[in-house]
file coords.txt (compact mmCIF, C-alpha atoms and all ligand atoms)
# COMPACT_ATOMS: atom_id res chain seq x y z
CA MET G 1 63.50 -91.85 -15.77
CA THR G 2 64.05 -88.22 -14.94
CA LEU G 3 66.92 -87.03 -12.83
CA LYS G 4 65.92 -85.05 -9.79
CA LYS G 5 67.66 -81.71 -9.76
CA ASN G 6 69.32 -80.33 -6.65
CA THR G 7 68.71 -83.30 -4.42
CA ILE G 8 71.91 -82.31 -2.65
CA GLU G 9 72.13 -78.66 -1.78
CA MET G 10 75.78 -77.71 -2.07
CA PRO G 11 76.91 -74.86 0.17
CA GLU G 12 78.21 -71.81 -1.66
CA TYR G 13 82.01 -71.55 -1.68
CA ASN G 14 83.46 -68.72 0.38
CA GLU G 15 86.80 -67.02 -0.17
CA PRO G 16 87.43 -64.86 2.93
CA LYS G 17 88.55 -61.31 2.17
CA ILE G 18 87.07 -59.35 5.05
CA ILE G 19 86.11 -59.99 8.68
CA ILE G 20 82.86 -58.75 10.18
CA LEU G 21 82.50 -58.63 13.95
CA HIS G 22 79.25 -59.23 15.83
CA CYS G 23 77.92 -59.51 19.34
CA ALA G 24 75.44 -62.22 20.33
CA ALA G 25 73.12 -59.72 22.07
CA THR G 26 73.14 -61.96 25.13
CA PRO G 27 73.36 -60.48 28.67
CA ASP G 28 76.75 -59.23 29.89
CA HIS G 29 75.90 -59.83 33.55
CA LEU G 30 73.96 -62.24 35.68
CA ASP G 31 71.03 -60.48 37.36
CA SER G 32 67.43 -61.02 38.39
CA LYS G 33 66.33 -61.24 34.75
CA HIS G 34 69.25 -63.30 33.45
CA SER G 35 70.45 -66.54 35.00
CA LYS G 36 72.88 -67.40 32.21
CA ILE G 37 75.55 -65.48 30.32
CA ASP G 38 77.69 -68.44 29.21
CA PHE G 39 76.15 -69.01 25.82
CA ASP G 40 78.09 -70.77 23.11
CA VAL G 41 78.09 -71.84 19.47
CA GLU G 42 75.55 -74.62 20.16
CA ASP G 43 73.05 -72.12 21.59
CA ILE G 44 73.47 -69.84 18.60
CA ARG G 45 73.26 -72.80 16.22
CA LYS G 46 69.91 -73.75 17.81
CA TRP G 47 68.58 -70.18 17.50
CA HIS G 48 69.68 -69.84 13.89
CA ILE G 49 68.31 -73.24 12.85
CA ASN G 50 65.07 -73.20 14.86
CA ASN G 51 64.16 -69.50 14.85
CA ASN G 52 65.74 -68.24 11.63
CA LYS G 53 65.30 -71.56 9.76
CA TRP G 54 68.88 -71.42 8.53
CA ALA G 55 70.93 -74.48 7.61
CA ASP G 56 73.50 -73.86 10.36
CA VAL G 57 74.85 -71.24 12.76
CA GLY G 58 75.38 -68.09 10.68
CA TYR G 59 78.84 -67.19 12.03
CA HIS G 60 82.22 -68.77 11.33
CA TYR G 61 83.53 -68.25 14.85
CA VAL G 62 82.08 -67.66 18.29
CA ILE G 63 84.16 -66.34 21.20
CA LYS G 64 82.79 -67.29 24.61
CA ARG G 65 83.00 -65.11 27.74
CA ASP G 66 85.92 -67.22 28.99
CA GLY G 67 87.78 -66.63 25.72
CA THR G 68 87.19 -70.05 24.17
CA ILE G 69 87.15 -69.81 20.38
CA GLN G 70 84.54 -72.08 18.82
CA MET G 71 84.11 -72.93 15.15
CA GLY G 72 80.76 -72.32 13.52
CA ARG G 73 80.41 -72.58 9.78
CA LEU G 74 83.43 -73.66 7.77
CA GLU G 75 85.44 -70.71 6.48
CA THR G 76 84.93 -72.11 2.97
CA THR G 77 81.15 -71.92 3.34
CA VAL G 78 79.36 -68.60 2.89
CA GLY G 79 78.02 -67.45 6.25
CA SER G 80 74.76 -65.82 7.20
CA HIS G 81 75.48 -62.76 9.33
CA VAL G 82 75.33 -59.55 7.25
CA LYS G 83 72.75 -59.14 4.52
CA GLY G 84 74.47 -58.49 1.20
CA HIS G 85 77.98 -59.06 2.60
CA ASN G 86 78.06 -62.76 3.41
CA LYS G 87 80.02 -63.78 0.34
CA GLY G 88 83.72 -63.08 0.86
CA SER G 89 83.47 -62.40 4.57
CA LEU G 90 84.01 -64.24 7.83
CA GLY G 91 81.62 -63.59 10.71
CA ILE G 92 82.98 -63.59 14.25
CA CYS G 93 80.52 -63.34 17.14
CA LEU G 94 81.43 -62.29 20.66
CA ILE G 95 79.11 -63.67 23.33
CA GLY G 96 77.62 -60.73 25.24
CA THR G 97 76.29 -57.37 24.13
CA LYS G 98 78.70 -54.54 24.85
CA GLU G 99 80.87 -55.41 27.84
CA PHE G 100 83.25 -58.07 26.59
CA THR G 101 85.87 -59.77 28.76
CA ASP G 102 89.65 -59.40 28.55
CA ALA G 103 89.79 -63.10 27.70
CA GLN G 104 87.51 -62.47 24.72
CA PHE G 105 89.69 -59.64 23.40
CA LYS G 106 92.82 -61.78 23.86
CA SER G 107 91.23 -64.58 21.84
CA LEU G 108 89.96 -62.15 19.21
CA ASP G 109 93.54 -60.88 18.78
CA LYS G 110 94.80 -64.48 18.39
CA LEU G 111 92.05 -65.34 15.92
CA TYR G 112 92.77 -62.17 13.93
CA ILE G 113 96.50 -63.05 13.73
CA ASP G 114 95.56 -66.50 12.44
CA LEU G 115 93.22 -65.07 9.80
CA TYR G 116 95.77 -62.40 8.85
CA ILE G 117 98.44 -65.06 8.30
CA ARG G 118 96.22 -67.58 6.51
CA HIS G 119 94.06 -65.24 4.42
CA GLY G 120 96.07 -62.01 4.41
CA ILE G 121 93.13 -60.05 5.80
CA ASP G 122 94.43 -56.53 6.43
CA SER G 123 93.41 -54.65 9.58
CA ARG G 124 91.55 -52.19 7.30
CA ASP G 125 89.35 -55.08 6.20
CA VAL G 126 87.92 -55.77 9.63
CA TYR G 127 84.46 -54.27 10.02
CA GLY G 128 81.63 -54.17 12.51
CA HIS G 129 78.11 -55.22 11.60
CA TYR G 130 76.92 -51.61 12.14
CA GLU G 131 79.05 -50.46 9.22
CA PHE G 132 76.82 -52.44 6.84
CA ALA G 133 73.45 -52.20 8.55
CA ASP G 134 71.38 -49.89 10.72
CA LYS G 135 72.41 -51.66 13.93
CA GLU G 136 74.65 -51.10 16.97
CA CYS G 137 76.23 -54.56 16.71
CA PRO G 138 78.93 -55.33 17.87
CA ASN G 139 78.98 -52.19 20.09
CA LEU G 140 82.71 -51.70 19.50
CA ASP G 141 84.43 -48.62 18.06
CA MET G 142 85.65 -50.17 14.83
CA ASN G 143 88.20 -47.43 14.15
CA LYS G 144 89.82 -48.32 17.47
CA MET G 145 89.58 -52.02 16.67
CA ARG G 146 91.24 -51.59 13.27
CA LEU G 147 94.05 -49.63 14.94
CA ARG G 148 94.37 -52.41 17.52
CA PHE G 149 94.71 -55.01 14.74
CA LEU G 150 97.12 -52.79 12.77
CA ASN G 151 99.39 -52.59 15.82
CA ILE G 152 99.25 -56.38 16.18
CA THR G 153 100.35 -56.91 12.57
CA LYS G 154 103.11 -54.31 12.98
CA GLY G 155 104.32 -56.29 15.99
CA LEU G 156 104.36 -59.47 13.92
CA GLU G 157 106.49 -57.83 11.24
CA THR G 158 108.93 -56.51 13.83
CA SER G 159 109.40 -59.91 15.45
CA GLU G 160 109.82 -61.54 12.00
CA GLY G 161 112.54 -59.02 11.25
CA LEU G 162 114.38 -59.89 14.44
CA ASN G 163 114.32 -63.59 13.61
CA SER G 164 115.75 -63.25 10.11
ZN ZN S 1 75.72 -58.49 14.12
call {"tool": "encode", "arguments": {"input": "coords.txt", "output": "structure tokens", "more": "lines below"}}
Ligand SMILES: [Zn+2]
result
Amino acid sequence: MTLKKNTIEMPEYNEPKIIILHCAATPDHLDSKHSKIDFDVEDIRKWHINNNKWADVGYHYVIKRDGTIQMGRLETTVGSHVKGHNKGSLGICLIGTKEFTDAQFKSLDKLYIDLYIRHGIDSRDVYGHYEFADKECPNLDMNKMRLRFLNITKGLETSEGLNS
């Protein structure tokens, strides 16, 4: 009897060190061409499995237009969102293309705080897809975003100091 090799495909272990932001490239507004803007992780999962033939949704988190944070791939599983930079990163996808909602930014801040606390991901280690590939995604000024996250972590340190 011969043992079959690789009958179970084990996902590659991921140790998050950086965050990479994305947009879903879905419409920002309802109009004559678009009757839906409320896409979610299940839609993206379908596209990535059916169209890209991937095992699962490529991102670790999806943030809906109403600010709901949805889990995609496990953080401990290597994602599929930036060629050559999947290992060691977490992919966060904002539903929309370039006009994100206040609720989405609020949730992104919360999610960043959580990842900063749990994984120690510095604000300097948050990137946009366009910084690794010839793309516009996620259509955010990443220098501004890193400054935004830096200010959030500074705020956390200040409030910790007041408590001690
Ligand atoms: Zn992207």
call {"tool": "residues_around", "arguments": {"input": "coords.txt", "residues": "segment 137-148 of chain G", "least_positions_apart": "4", "cutoff": "7 Å", "atoms": "all atoms listed in the file", "output": "ChimeraX atom specification"}}
result
/G:21-23,98,123-124,126-130,152
call {"tool": "residues_around", "arguments": {"input": "coords.txt", "residues": "Phe100 of chain G", "least_positions_apart": "4", "cutoff": "12 Å", "atoms": "only C-alpha atoms", "output": "ChimeraX atom specification"}}
result
/G:22-29,37,63-67,93-96,104-108,138-140
call {"tool": "closest_residue", "arguments": {"input": "coords.txt", "among": "G:Thr76, G:Asn86, G:Asn50, G:Gln70", "to": "ligand ZN 1 (chain S)", "atoms": "only C-alpha atoms and all ligand atoms"}}
result
G:Asn86
call {"tool": "closest_residue", "arguments": {"input": "coords.txt", "among": "G:His85, G:Lys135, G:Lys110, G:Lys33", "to": "ligand ZN 1 (chain S)", "atoms": "all atoms listed in the file"}}
result
G:Lys135
call {"tool": "closest_residue", "arguments": {"input": "coords.txt", "among": "G:Trp47, G:Tyr116, G:Phe149, G:Tyr59", "to": "ligand ZN 1 (chain S)", "atoms": "all atoms listed in the file"}}
result
G:Tyr59
call {"tool": "atom_distance", "arguments": {"input": "coords.txt", "atom1": "atom CA of His60 of chain G", "atom2": "atom CA of Gly155 of chain G"}}
result
25.8 Å
call {"tool": "axis_aligned_box", "arguments": {"input": "coords.txt", "around": "segment 83-99 of chain G", "padding_each_side": "8 Å", "output": "AutoDock Vina command-line options"}}
result
--center_x 78.4 --center_y -59.4 --center_z 14.1 --size_x 27.3 --size_y 25.7 --size_z 43.5
call {"tool": "closest_residue", "arguments": {"input": "coords.txt", "among": "G:Ala55, G:Ile20, G:Val41, G:Leu111", "to": "ligand ZN 1 (chain S)", "atoms": "only C-alpha atoms and all ligand atoms"}}
result
G:Ile20
call {"tool": "atom_distance", "arguments": {"input": "coords.txt", "atom1": "atom CA of Ile92 of chain G", "atom2": "atom CA of Tyr61 of chain G"}}
result
4.7 Å
call {"tool": "atom_distance", "arguments": {"input": "coords.txt", "atom1": "atom CA of Val62 of chain G", "atom2": "atom CA of Tyr13 of chain G"}}
result
20.3 Å
call {"tool": "closest_residue", "arguments": {"input": "coords.txt", "among": "G:Ala103, G:Ser80, G:Ser35, G:Thr68", "to": "Lys53 of chain G", "atoms": "all atoms listed in the file"}}
result
G:Ser80
call {"tool": "closest_residue", "arguments": {"input": "coords.txt", "among": "G:Glu136, G:Ile113, G:Gly72, G:Gly58", "to": "Glu157 of chain G", "atoms": "all atoms listed in the file"}}
result
G:Ile113
call {"tool": "residues_near_point", "arguments": {"input": "coords.txt", "point": "(95.3, -62.0, 7.3)", "cutoff": "10 Å", "atoms": "all atoms listed in the file", "output": "tab-separated table (two decimals) with C-alpha atoms, in the coordinates of the input"}}
result
chain	number	residue	atom	x	y	z
G	16	PRO	CA	87.43	-64.86	2.93
G	17	LYS	CA	88.55	-61.31	2.17
G	18	ILE	CA	87.07	-59.35	5.05
G	19	ILE	CA	86.11	-59.99	8.68
G	111	LEU	CA	92.05	-65.34	15.92
G	112	TYR	CA	92.77	-62.17	13.93
G	113	ILE	CA	96.50	-63.05	13.73
G	114	ASP	CA	95.56	-66.50	12.44
G	115	LEU	CA	93.22	-65.07	9.80
G	116	TYR	CA	95.77	-62.40	8.85
G	117	ILE	CA	98.44	-65.06	8.30
G	118	ARG	CA	96.22	-67.58	6.51
G	119	HIS	CA	94.06	-65.24	4.42
G	120	GLY	CA	96.07	-62.01	4.41
G	121	ILE	CA	93.13	-60.05	5.80
G	122	ASP	CA	94.43	-56.53	6.43
G	123	SER	CA	93.41	-54.65	9.58
G	125	ASP	CA	89.35	-55.08	6.20
G	126	VAL	CA	87.92	-55.77	9.63
G	153	THR	CA	100.35	-56.91	12.57
call {"tool": "build_atoms", "arguments": {"input": "coords.txt", "residues": "segment 20-43 of chain G", "atoms": "N, CA and C atoms", "output": "mmCIF file, in the coordinates of the input"}}
result
data_model
loop_
_atom_site.group_PDB
_atom_site.id
_atom_site.type_symbol
_atom_site.label_atom_id
_atom_site.label_comp_id
_atom_site.auth_asym_id
_atom_site.auth_seq_id
_atom_site.Cartn_x
_atom_site.Cartn_y
_atom_site.Cartn_z
ATOM 1 N N ILE G 20 83.920 -59.590 9.611
ATOM 2 C CA ILE G 20 82.860 -58.750 10.180
ATOM 3 C C ILE G 20 82.572 -59.234 11.601
ATOM 4 N N LEU G 21 82.706 -58.293 12.542
ATOM 5 C CA LEU G 21 82.500 -58.630 13.950
ATOM 6 C C LEU G 21 81.052 -58.420 14.369
ATOM 7 N N HIS G 22 80.615 -59.281 15.289
ATOM 8 C CA HIS G 22 79.250 -59.230 15.830
ATOM 9 C C HIS G 22 79.269 -59.452 17.333
ATOM 10 N N CYS G 23 78.147 -59.077 17.961
ATOM 11 C CA CYS G 23 77.920 -59.510 19.340
ATOM 12 C C CYS G 23 76.681 -60.407 19.306
ATOM 13 N N ALA G 24 76.557 -61.264 20.316
ATOM 14 C CA ALA G 24 75.440 -62.220 20.330
ATOM 15 C C ALA G 24 74.161 -61.593 20.881
ATOM 16 N N ALA G 25 74.270 -60.375 21.428
ATOM 17 C CA ALA G 25 73.120 -59.720 22.070
ATOM 18 C C ALA G 25 72.574 -60.557 23.216
ATOM 19 N N THR G 26 73.483 -61.216 23.917
ATOM 20 C CA THR G 26 73.140 -61.960 25.130
ATOM 21 C C THR G 26 73.593 -61.119 26.324
ATOM 22 N N PRO G 27 73.024 -61.345 27.533
ATOM 23 C CA PRO G 27 73.360 -60.480 28.670
ATOM 24 C C PRO G 27 74.845 -60.516 29.049
ATOM 25 N N ASP G 28 75.358 -59.338 29.464
ATOM 26 C CA ASP G 28 76.750 -59.230 29.890
ATOM 27 C C ASP G 28 76.921 -59.636 31.359
ATOM 28 N N HIS G 29 75.818 -59.543 32.106
ATOM 29 C CA HIS G 29 75.900 -59.830 33.550
ATOM 30 C C HIS G 29 74.753 -60.715 33.999
ATOM 31 N N LEU G 30 75.017 -61.476 35.039
ATOM 32 C CA LEU G 30 73.960 -62.240 35.680
ATOM 33 C C LEU G 30 73.173 -61.261 36.549
ATOM 34 N N ASP G 31 71.852 -61.303 36.472
ATOM 35 C CA ASP G 31 71.030 -60.480 37.360
ATOM 36 C C ASP G 31 69.664 -61.149 37.525
ATOM 37 N N SER G 32 68.725 -60.407 38.095
ATOM 38 C CA SER G 32 67.430 -61.020 38.390
ATOM 39 C C SER G 32 66.719 -61.508 37.116
ATOM 40 N N LYS G 33 67.000 -60.852 35.995
ATOM 41 C CA LYS G 33 66.330 -61.240 34.750
ATOM 42 C C LYS G 33 67.112 -62.307 33.973
ATOM 43 N N HIS G 34 68.399 -62.392 34.241
ATOM 44 C CA HIS G 34 69.250 -63.300 33.450
ATOM 45 C C HIS G 34 70.028 -64.255 34.343
ATOM 46 N N SER G 35 69.771 -65.549 34.169
ATOM 47 C CA SER G 35 70.450 -66.540 35.000
ATOM 48 C C SER G 35 71.597 -67.199 34.245
ATOM 49 N N LYS G 36 71.804 -66.788 32.999
ATOM 50 C CA LYS G 36 72.880 -67.400 32.210
ATOM 51 C C LYS G 36 73.517 -66.345 31.305
ATOM 52 N N ILE G 37 74.860 -66.339 31.286
ATOM 53 C CA ILE G 37 75.550 -65.480 30.320
ATOM 54 C C ILE G 37 76.511 -66.308 29.462
ATOM 55 N N ASP G 38 76.725 -67.573 29.901
ATOM 56 C CA ASP G 38 77.690 -68.440 29.210
ATOM 57 C C ASP G 38 77.089 -69.153 28.010
ATOM 58 N N PHE G 39 76.696 -68.388 27.028
ATOM 59 C CA PHE G 39 76.150 -69.010 25.820
ATOM 60 C C PHE G 39 77.309 -69.432 24.923
ATOM 61 N N ASP G 40 77.023 -70.322 23.996
ATOM 62 C CA ASP G 40 78.090 -70.770 23.110
ATOM 63 C C ASP G 40 77.552 -71.072 21.704
ATOM 64 N N VAL G 41 78.436 -71.630 20.882
ATOM 65 C CA VAL G 41 78.090 -71.840 19.470
ATOM 66 C C VAL G 41 76.866 -72.756 19.327
ATOM 67 N N GLU G 42 76.707 -73.704 20.266
ATOM 68 C CA GLU G 42 75.550 -74.620 20.160
ATOM 69 C C GLU G 42 74.237 -73.890 20.415
ATOM 70 N N ASP G 43 74.264 -72.922 21.345
ATOM 71 C CA ASP G 43 73.050 -72.120 21.590
ATOM 72 C C ASP G 43 72.704 -71.325 20.336
#
